[in-house]
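K.L.:
I am sharing structure30.pdb, which consists of PDB, N, CA and C atoms, pLDDT in the B column:
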```pdb
ATOM      1  N   MET A 880      58.825 -21.258 131.705  1.00 80.00           N
ATOM      2  CA  MET A 880      58.728 -20.157 132.644  1.00 80.00           C
ATOM      3  C   MET A 880      58.471 -20.734 134.033  1.00 80.00           C
ATOM      4  N   GLU A 881      59.052 -20.135 135.029  1.00 88.00           N
ATOM      5  CA  GLU A 881      58.854 -20.538 136.422  1.00 88.00           C
ATOM      6  C   GLU A 881      57.692 -19.749 137.011  1.00 88.00           C
ATOM      7  N   TYR A 882      56.791 -20.459 137.667  1.00 93.00           N
ATOM      8  CA  TYR A 882      55.631 -19.830 138.295  1.00 93.00           C
ATOM      9  C   TYR A 882      55.741 -19.982 139.808  1.00 93.00           C
ATOM     10  N   PRO A 883      55.327 -18.972 140.570  1.00 94.00           N
ATOM     11  CA  PRO A 883      55.421 -19.063 142.028  1.00 94.00           C
ATOM     12  C   PRO A 883      54.446 -20.065 142.643  1.00 94.00           C
ATOM     13  N   LYS A 884      53.348 -20.354 141.956  1.00 96.00           N
ATOM     14  CA  LYS A 884      52.341 -21.285 142.461  1.00 96.00           C
ATOM     15  C   LYS A 884      51.900 -22.196 141.319  1.00 96.00           C
ATOM     16  N   SER A 885      51.318 -23.338 141.678  1.00 96.00           N
ATOM     17  CA  SER A 885      50.862 -24.266 140.635  1.00 96.00           C
ATOM     18  C   SER A 885      49.483 -23.898 140.104  1.00 96.00           C
ATOM     19  N   VAL A 886      48.704 -23.188 140.914  1.00 98.00           N
ATOM     20  CA  VAL A 886      47.378 -22.718 140.494  1.00 98.00           C
ATOM     21  C   VAL A 886      47.333 -21.215 140.747  1.00 98.00           C
ATOM     22  N   MET A 887      47.015 -20.454 139.688  1.00 98.00           N
ATOM     23  CA  MET A 887      47.030 -18.997 139.805  1.00 98.00           C
ATOM     24  C   MET A 887      45.777 -18.399 139.192  1.00 98.00           C
ATOM     25  N   SER A 888      45.394 -17.228 139.687  1.00 97.00           N
ATOM     26  CA  SER A 888      44.236 -16.520 139.146  1.00 97.00           C
ATOM     27  C   SER A 888      44.661 -15.711 137.922  1.00 97.00           C
ATOM     28  N   ILE A 889      43.675 -15.222 137.201  1.00 97.00           N
ATOM     29  CA  ILE A 889      43.955 -14.385 136.031  1.00 97.00           C
ATOM     30  C   ILE A 889      44.726 -13.140 136.448  1.00 97.00           C
ATOM     31  N   THR A 890      44.364 -12.542 137.555  1.00 96.00           N
ATOM     32  CA  THR A 890      45.048 -11.336 138.038  1.00 96.00           C
ATOM     33  C   THR A 890      46.523 -11.621 138.307  1.00 96.00           C
ATOM     34  N   GLU A 891      46.800 -12.748 138.938  1.00 97.00           N
ATOM     35  CA  GLU A 891      48.196 -13.095 139.222  1.00 97.00           C
ATOM     36  C   GLU A 891      48.977 -13.332 137.937  1.00 97.00           C
ATOM     37  N   LEU A 892      48.349 -13.949 136.952  1.00 97.00           N
ATOM     38  CA  LEU A 892      49.040 -14.193 135.682  1.00 97.00           C
ATOM     39  C   LEU A 892      49.265 -12.910 134.891  1.00 97.00           C
ATOM     40  N   THR A 893      48.350 -11.939 135.011  1.00 97.00           N
ATOM     41  CA  THR A 893      48.568 -10.666 134.310  1.00 97.00           C
ATOM     42  C   THR A 893      49.759  -9.926 134.917  1.00 97.00           C
ATOM     43  N   GLN A 894      49.999 -10.112 136.197  1.00 96.00           N
ATOM     44  CA  GLN A 894      51.158  -9.488 136.836  1.00 96.00           C
ATOM     45  C   GLN A 894      52.463 -10.098 136.342  1.00 96.00           C
ATOM     46  N   LEU A 895      52.383 -11.311 135.780  1.00 95.00           N
ATOM     47  CA  LEU A 895      53.562 -11.965 135.207  1.00 95.00           C
ATOM     48  C   LEU A 895      53.735 -11.653 133.724  1.00 95.00           C
ATOM     49  N   GLY A 896      52.789 -10.879 133.152  1.00 95.00           N
ATOM     50  CA  GLY A 896      52.939 -10.439 131.771  1.00 95.00           C
ATOM     51  C   GLY A 896      51.937 -11.003 130.779  1.00 95.00           C
ATOM     52  N   TYR A 897      51.036 -11.869 131.216  1.00 96.00           N
ATOM     53  CA  TYR A 897      50.014 -12.389 130.305  1.00 96.00           C
ATOM     54  C   TYR A 897      48.928 -11.341 130.080  1.00 96.00           C
ATOM     55  N   SER A 898      48.302 -11.385 128.940  1.00 97.00           N
ATOM     56  CA  SER A 898      47.234 -10.460 128.594  1.00 97.00           C
ATOM     57  C   SER A 898      45.932 -10.891 129.278  1.00 97.00           C
ATOM     58  N   ARG A 899      45.293  -9.962 129.977  1.00 97.00           N
ATOM     59  CA  ARG A 899      44.022 -10.264 130.649  1.00 97.00           C
ATOM     60  C   ARG A 899      42.950 -10.651 129.629  1.00 97.00           C
ATOM     61  N   ALA A 900      42.892  -9.947 128.520  1.00 98.00           N
ATOM     62  CA  ALA A 900      41.886 -10.236 127.497  1.00 98.00           C
ATOM     63  C   ALA A 900      42.074 -11.645 126.943  1.00 98.00           C
ATOM     64  N   LEU A 901      43.309 -12.027 126.689  1.00 97.00           N
ATOM     65  CA  LEU A 901      43.586 -13.357 126.156  1.00 97.00           C
ATOM     66  C   LEU A 901      43.226 -14.442 127.165  1.00 97.00           C
ATOM     67  N   LEU A 902      43.591 -14.251 128.422  1.00 97.00           N
ATOM     68  CA  LEU A 902      43.256 -15.229 129.462  1.00 97.00           C
ATOM     69  C   LEU A 902      41.743 -15.350 129.627  1.00 97.00           C
ATOM     70  N   ASN A 903      41.040 -14.221 129.552  1.00 97.00           N
ATOM     71  CA  ASN A 903      39.580 -14.253 129.662  1.00 97.00           C
ATOM     72  C   ASN A 903      38.951 -15.035 128.501  1.00 97.00           C
ATOM     73  N   GLN A 904      39.551 -14.986 127.341  1.00 97.00           N
ATOM     74  CA  GLN A 904      39.068 -15.783 126.204  1.00 97.00           C
ATOM     75  C   GLN A 904      39.370 -17.256 126.427  1.00 97.00           C
ATOM     76  N   TRP A 905      40.580 -17.560 126.866  1.00 97.00           N
ATOM     77  CA  TRP A 905      41.002 -18.941 127.039  1.00 97.00           C
ATOM     78  C   TRP A 905      40.165 -19.698 128.059  1.00 97.00           C
ATOM     79  N   VAL A 906      39.775 -19.051 129.152  1.00 97.00           N
ATOM     80  CA  VAL A 906      39.037 -19.776 130.203  1.00 97.00           C
ATOM     81  C   VAL A 906      37.674 -20.257 129.712  1.00 97.00           C
ATOM     82  N   HIS A 907      37.194 -19.720 128.618  1.00 96.00           N
ATOM     83  CA  HIS A 907      35.896 -20.137 128.077  1.00 96.00           C
ATOM     84  C   HIS A 907      36.029 -21.186 126.975  1.00 96.00           C
ATOM     85  N   ILE A 908      37.249 -21.615 126.677  1.00 96.00           N
ATOM     86  CA  ILE A 908      37.476 -22.655 125.675  1.00 96.00           C
ATOM     87  C   ILE A 908      37.430 -24.010 126.371  1.00 96.00           C
ATOM     88  N   LYS A 909      36.641 -24.903 125.810  1.00 95.00           N
ATOM     89  CA  LYS A 909      36.512 -26.242 126.377  1.00 95.00           C
ATOM     90  C   LYS A 909      37.874 -26.938 126.345  1.00 95.00           C
ATOM     91  N   GLY A 910      38.259 -27.512 127.467  1.00 94.00           N
ATOM     92  CA  GLY A 910      39.532 -28.210 127.559  1.00 94.00           C
ATOM     93  C   GLY A 910      40.652 -27.383 128.149  1.00 94.00           C
ATOM     94  N   PHE A 911      40.426 -26.080 128.340  1.00 97.00           N
ATOM     95  CA  PHE A 911      41.459 -25.243 128.954  1.00 97.00           C
ATOM     96  C   PHE A 911      41.546 -25.604 130.437  1.00 97.00           C
ATOM     97  N   PRO A 912      42.758 -25.753 130.988  1.00 97.00           N
ATOM     98  CA  PRO A 912      42.931 -26.230 132.362  1.00 97.00           C
ATOM     99  C   PRO A 912      42.642 -25.158 133.427  1.00 97.00           C
ATOM    100  N   CYS A 913      41.365 -24.928 133.670  1.00 97.00           N
ATOM    101  CA  CYS A 913      40.992 -23.946 134.677  1.00 97.00           C
ATOM    102  C   CYS A 913      39.726 -24.397 135.386  1.00 97.00           C
ATOM    103  N   PHE A 914      39.429 -23.713 136.488  1.00 97.00           N
ATOM    104  CA  PHE A 914      38.173 -23.936 137.198  1.00 97.00           C
ATOM    105  C   PHE A 914      37.749 -22.621 137.821  1.00 97.00           C
ATOM    106  N   LYS A 915      36.470 -22.515 138.115  1.00 96.00           N
ATOM    107  CA  LYS A 915      35.920 -21.290 138.677  1.00 96.00           C
ATOM    108  C   LYS A 915      35.548 -21.543 140.124  1.00 96.00           C
ATOM    109  N   SER A 916      35.835 -20.581 140.996  1.00 95.00           N
ATOM    110  CA  SER A 916      35.479 -20.730 142.406  1.00 95.00           C
ATOM    111  C   SER A 916      33.957 -20.690 142.555  1.00 95.00           C
ATOM    112  N   ASN A 917      33.471 -21.202 143.655  1.00 94.00           N
ATOM    113  CA  ASN A 917      32.031 -21.318 143.870  1.00 94.00           C
ATOM    114  C   ASN A 917      31.380 -20.036 144.392  1.00 94.00           C
ATOM    115  N   ALA A 918      32.123 -18.990 144.574  1.00 91.00           N
ATOM    116  CA  ALA A 918      31.567 -17.730 145.056  1.00 91.00           C
ATOM    117  C   ALA A 918      30.573 -17.168 144.035  1.00 91.00           C
ATOM    118  N   LYS A 919      29.727 -16.262 144.487  1.00 89.00           N
ATOM    119  CA  LYS A 919      28.707 -15.684 143.611  1.00 89.00           C
ATOM    120  C   LYS A 919      29.320 -15.118 142.330  1.00 89.00           C
ATOM    121  N   ARG A 920      30.333 -14.324 142.481  1.00 90.00           N
ATOM    122  CA  ARG A 920      31.069 -13.787 141.328  1.00 90.00           C
ATOM    123  C   ARG A 920      32.477 -14.372 141.352  1.00 90.00           C
ATOM    124  N   GLY A 921      32.533 -15.697 141.299  1.00 93.00           N
ATOM    125  CA  GLY A 921      33.790 -16.414 141.441  1.00 93.00           C
ATOM    126  C   GLY A 921      34.807 -16.064 140.380  1.00 93.00           C
ATOM    127  N   LYS A 922      36.059 -16.225 140.744  1.00 95.00           N
ATOM    128  CA  LYS A 922      37.098 -15.951 139.772  1.00 95.00           C
ATOM    129  C   LYS A 922      37.675 -17.255 139.261  1.00 95.00           C
ATOM    130  N   TYR A 923      38.295 -17.176 138.112  1.00 97.00           N
ATOM    131  CA  TYR A 923      38.888 -18.343 137.484  1.00 97.00           C
ATOM    132  C   TYR A 923      40.289 -18.581 138.031  1.00 97.00           C
ATOM    133  N   PHE A 924      40.607 -19.852 138.220  1.00 98.00           N
ATOM    134  CA  PHE A 924      41.943 -20.267 138.617  1.00 98.00           C
ATOM    135  C   PHE A 924      42.475 -21.196 137.538  1.00 98.00           C
ATOM    136  N   ILE A 925      43.730 -21.019 137.208  1.00 98.00           N
ATOM    137  CA  ILE A 925      44.337 -21.739 136.089  1.00 98.00           C
ATOM    138  C   ILE A 925      45.486 -22.590 136.607  1.00 98.00           C
ATOM    139  N   ARG A 926      45.515 -23.857 136.179  1.00 98.00           N
ATOM    140  CA  ARG A 926      46.622 -24.758 136.502  1.00 98.00           C
ATOM    141  C   ARG A 926      47.751 -24.446 135.518  1.00 98.00           C
ATOM    142  N   VAL A 927      48.790 -23.786 135.996  1.00 96.00           N
ATOM    143  CA  VAL A 927      49.789 -23.206 135.093  1.00 96.00           C
ATOM    144  C   VAL A 927      50.624 -24.248 134.350  1.00 96.00           C
ATOM    145  N   ILE A 928      50.931 -25.377 134.957  1.00 95.00           N
ATOM    146  CA  ILE A 928      51.700 -26.411 134.255  1.00 95.00           C
ATOM    147  C   ILE A 928      50.889 -26.933 133.078  1.00 95.00           C
ATOM    148  N   ASP A 929      49.601 -27.196 133.322  1.00 96.00           N
ATOM    149  CA  ASP A 929      48.734 -27.672 132.250  1.00 96.00           C
ATOM    150  C   ASP A 929      48.482 -26.586 131.208  1.00 96.00           C
ATOM    151  N   MET A 930      48.484 -25.327 131.634  1.00 96.00           N
ATOM    152  CA  MET A 930      48.303 -24.231 130.690  1.00 96.00           C
ATOM    153  C   MET A 930      49.470 -24.184 129.708  1.00 96.00           C
ATOM    154  N   GLU A 931      50.686 -24.375 130.208  1.00 94.00           N
ATOM    155  CA  GLU A 931      51.866 -24.400 129.335  1.00 94.00           C
ATOM    156  C   GLU A 931      51.734 -25.516 128.293  1.00 94.00           C
ATOM    157  N   LYS A 932      51.302 -26.697 128.730  1.00 95.00           N
ATOM    158  CA  LYS A 932      51.112 -27.819 127.797  1.00 95.00           C
ATOM    159  C   LYS A 932      50.026 -27.488 126.783  1.00 95.00           C
ATOM    160  N   TRP A 933      48.941 -26.851 127.246  1.00 95.00           N
ATOM    161  CA  TRP A 933      47.827 -26.478 126.376  1.00 95.00           C
ATOM    162  C   TRP A 933      48.290 -25.488 125.314  1.00 95.00           C
ATOM    163  N   ILE A 934      49.076 -24.505 125.716  1.00 93.00           N
ATOM    164  CA  ILE A 934      49.605 -23.503 124.780  1.00 93.00           C
ATOM    165  C   ILE A 934      50.530 -24.164 123.760  1.00 93.00           C
ATOM    166  N   ASN A 935      51.428 -25.024 124.237  1.00 93.00           N
ATOM    167  CA  ASN A 935      52.385 -25.681 123.335  1.00 93.00           C
ATOM    168  C   ASN A 935      51.684 -26.619 122.363  1.00 93.00           C
ATOM    169  N   ALA A 936      50.617 -27.264 122.790  1.00 93.00           N
ATOM    170  CA  ALA A 936      49.885 -28.171 121.901  1.00 93.00           C
ATOM    171  C   ALA A 936      49.207 -27.408 120.779  1.00 93.00           C
ATOM    172  N   ARG A 937      48.832 -26.145 121.032  1.00 87.00           N
ATOM    173  CA  ARG A 937      48.146 -25.335 120.031  1.00 87.00           C
ATOM    174  C   ARG A 937      49.082 -24.365 119.325  1.00 87.00           C
ATOM    175  N   LYS A 938      50.339 -24.321 119.765  1.00 79.00           N
ATOM    176  CA  LYS A 938      51.352 -23.439 119.184  1.00 79.00           C
ATOM    177  C   LYS A 938      50.872 -21.984 119.126  1.00 79.00           C
ATOM    178  N   ILE A 939      50.376 -21.514 120.269  1.00 64.00           N
ATOM    179  CA  ILE A 939      49.858 -20.137 120.371  1.00 64.00           C
ATOM    180  C   ILE A 939      51.011 -19.206 120.674  1.00 64.00           C
TER
END
```
Write out the structure in this file as structure tokens.
P.N.:
Amino acid sequence: MEYPKSVMSITELTQLGYSRALLNQWVHIKGFPCFKSNAKRGKYFIRVIDMEKWINARKI
């Protein structure tokens, strides 16, 4: 799949068709390619190329 950016938020990925609930679960799994912003209620950002590799490695 082609992504408009290399790092995207959960909201941006849900607009591309990913499930918000599933992404919210994935960001809490150790080894998932994401990071959280330093803001008080920071949001998660996901490295989409690495996410594709992570999904393919687990055959999800």
K.L.:
On this structure, the PyMOL selection byres (((chain A and resi 882 and name CA) around 12) and name CA) would catch which residues? List them as a list in words, sorted by chain and number.
P.N.:
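Evaluating the PyMOL selection byres (((chain A and resi 882 and name CA) around 12) and name CA) on this file yields Met880, Glu881, Pro883, Lys884, Ser885, Val886, Met887, Ser888, Glu891, Leu892, Gln894, Leu895, Gly896, Ile925, Arg926, Val927, Ile928, Met930 and Glu931 of chain A.
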K.L.:
Within 10 Å of Phe911 of chain A, counting only C-alpha atoms, which residues show up once you throw out same-chain ones fewer than 3 positions away? Write them as a short mmCIF file (atom, residue, chain, number, x, y, z; two decimals) with N, CA and C atoms, in the frame of the given file, please.
P.N.:
```cif
data_model
loop_
_atom_site.label_atom_id
_atom_site.label_comp_id
_atom_site.auth_asym_id
_atom_site.auth_seq_id
_atom_site.Cartn_x
_atom_site.Cartn_y
_atom_site.Cartn_z
N TRP A 905 40.58 -17.56 126.87
CA TRP A 905 41.00 -18.94 127.04
C TRP A 905 40.16 -19.70 128.06
N VAL A 906 39.78 -19.05 129.15
CA VAL A 906 39.04 -19.78 130.20
C VAL A 906 37.67 -20.26 129.71
N HIS A 907 37.19 -19.72 128.62
CA HIS A 907 35.90 -20.14 128.08
C HIS A 907 36.03 -21.19 126.98
N ILE A 908 37.25 -21.62 126.68
CA ILE A 908 37.48 -22.66 125.68
C ILE A 908 37.43 -24.01 126.37
N PHE A 914 39.43 -23.71 136.49
CA PHE A 914 38.17 -23.94 137.20
C PHE A 914 37.75 -22.62 137.82
N ILE A 925 43.73 -21.02 137.21
CA ILE A 925 44.34 -21.74 136.09
C ILE A 925 45.49 -22.59 136.61
N ARG A 926 45.52 -23.86 136.18
CA ARG A 926 46.62 -24.76 136.50
C ARG A 926 47.75 -24.45 135.52
N ASP A 929 49.60 -27.20 133.32
CA ASP A 929 48.73 -27.67 132.25
C ASP A 929 48.48 -26.59 131.21
N MET A 930 48.48 -25.33 131.63
CA MET A 930 48.30 -24.23 130.69
C MET A 930 49.47 -24.18 129.71
N TRP A 933 48.94 -26.85 127.25
CA TRP A 933 47.83 -26.48 126.38
C TRP A 933 48.29 -25.49 125.31
N ILE A 934 49.08 -24.50 125.72
CA ILE A 934 49.60 -23.50 124.78
C ILE A 934 50.53 -24.16 123.76
#
```
K.L.:
Enter the distance from atom N of Lys915 of chain A to atom C of Lys938 of chain A, in Å, rounded to one decimal.
P.N.:
23.8 Å
K.L.:
Once DSSP has gone over the backbone, tell me which residues of segment 894-933 of chain A are in strand (DSSP E), as a PyMOL selection string.
P.N.:
chain A and resi 913-915+923-926
K.L.:
Please, what distance in Å, to one decimal, runs between atom CA of Gly921 of chain A and atom CA of Asn903 of chain A?
P.N.:
13.3 Å
K.L.:
Could you give me, as a PyMOL selection string, each residue of chain A that DSSP assigns to helix (DSSP H, G or I) when run on this structure's backbone?
P.N.:
chain A and resi 889-894+899-905+927-937
K.L.:
Atom CA of Cys913 of chain A to atom C of Thr893 of chain A: how many Å, to one decimal?
P.N.:
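Atom CA of Cys913 of chain A sits 16.5 Å away from atom C of Thr893 of chain A.
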K.L.:
N, CA, C and O atoms for segment 904-919 of chain A, written as a CSV table (one decimal), in the coordinates of the input, could you do that?
P.N.:
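Saved result, selection-v2.csv, follows:
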```
chain,number,residue,atom,x,y,z
A,904,GLN,N,39.6,-15.0,127.3
A,904,GLN,CA,39.1,-15.8,126.2
A,904,GLN,C,39.4,-17.3,126.4
A,904,GLN,O,38.5,-18.1,126.2
A,905,TRP,N,40.6,-17.6,126.9
A,905,TRP,CA,41.0,-18.9,127.0
A,905,TRP,C,40.2,-19.7,128.1
A,905,TRP,O,39.9,-20.9,127.9
A,906,VAL,N,39.8,-19.1,129.2
A,906,VAL,CA,39.0,-19.8,130.2
A,906,VAL,C,37.7,-20.3,129.7
A,906,VAL,O,37.1,-21.1,130.3
A,907,HIS,N,37.2,-19.7,128.6
A,907,HIS,CA,35.9,-20.1,128.1
A,907,HIS,C,36.0,-21.2,127.0
A,907,HIS,O,35.0,-21.6,126.4
A,908,ILE,N,37.2,-21.6,126.7
A,908,ILE,CA,37.5,-22.7,125.7
A,908,ILE,C,37.4,-24.0,126.4
A,908,ILE,O,38.1,-24.2,127.4
A,909,LYS,N,36.6,-24.9,125.8
A,909,LYS,CA,36.5,-26.2,126.4
A,909,LYS,C,37.9,-26.9,126.3
A,909,LYS,O,38.6,-26.9,125.3
A,910,GLY,N,38.3,-27.5,127.5
A,910,GLY,CA,39.5,-28.2,127.6
A,910,GLY,C,40.7,-27.4,128.1
A,910,GLY,O,41.7,-27.9,128.4
A,911,PHE,N,40.4,-26.1,128.3
A,911,PHE,CA,41.5,-25.2,129.0
A,911,PHE,C,41.5,-25.6,130.4
A,911,PHE,O,40.5,-25.8,131.1
A,912,PRO,N,42.8,-25.8,131.0
A,912,PRO,CA,42.9,-26.2,132.4
A,912,PRO,C,42.6,-25.2,133.4
A,912,PRO,O,43.5,-24.6,134.0
A,913,CYS,N,41.4,-24.9,133.7
A,913,CYS,CA,41.0,-23.9,134.7
A,913,CYS,C,39.7,-24.4,135.4
A,913,CYS,O,39.1,-25.3,135.0
A,914,PHE,N,39.4,-23.7,136.5
A,914,PHE,CA,38.2,-23.9,137.2
A,914,PHE,C,37.7,-22.6,137.8
A,914,PHE,O,38.6,-21.7,138.0
A,915,LYS,N,36.5,-22.5,138.1
A,915,LYS,CA,35.9,-21.3,138.7
A,915,LYS,C,35.5,-21.5,140.1
A,915,LYS,O,35.0,-22.6,140.5
A,916,SER,N,35.8,-20.6,141.0
A,916,SER,CA,35.5,-20.7,142.4
A,916,SER,C,34.0,-20.7,142.6
A,916,SER,O,33.2,-20.2,141.7
A,917,ASN,N,33.5,-21.2,143.7
A,917,ASN,CA,32.0,-21.3,143.9
A,917,ASN,C,31.4,-20.0,144.4
A,917,ASN,O,30.2,-20.0,144.6
A,918,ALA,N,32.1,-19.0,144.6
A,918,ALA,CA,31.6,-17.7,145.1
A,918,ALA,C,30.6,-17.2,144.0
A,918,ALA,O,30.6,-17.5,142.9
A,919,LYS,N,29.7,-16.3,144.5
A,919,LYS,CA,28.7,-15.7,143.6
A,919,LYS,C,29.3,-15.1,142.3
A,919,LYS,O,28.8,-15.4,141.2
```
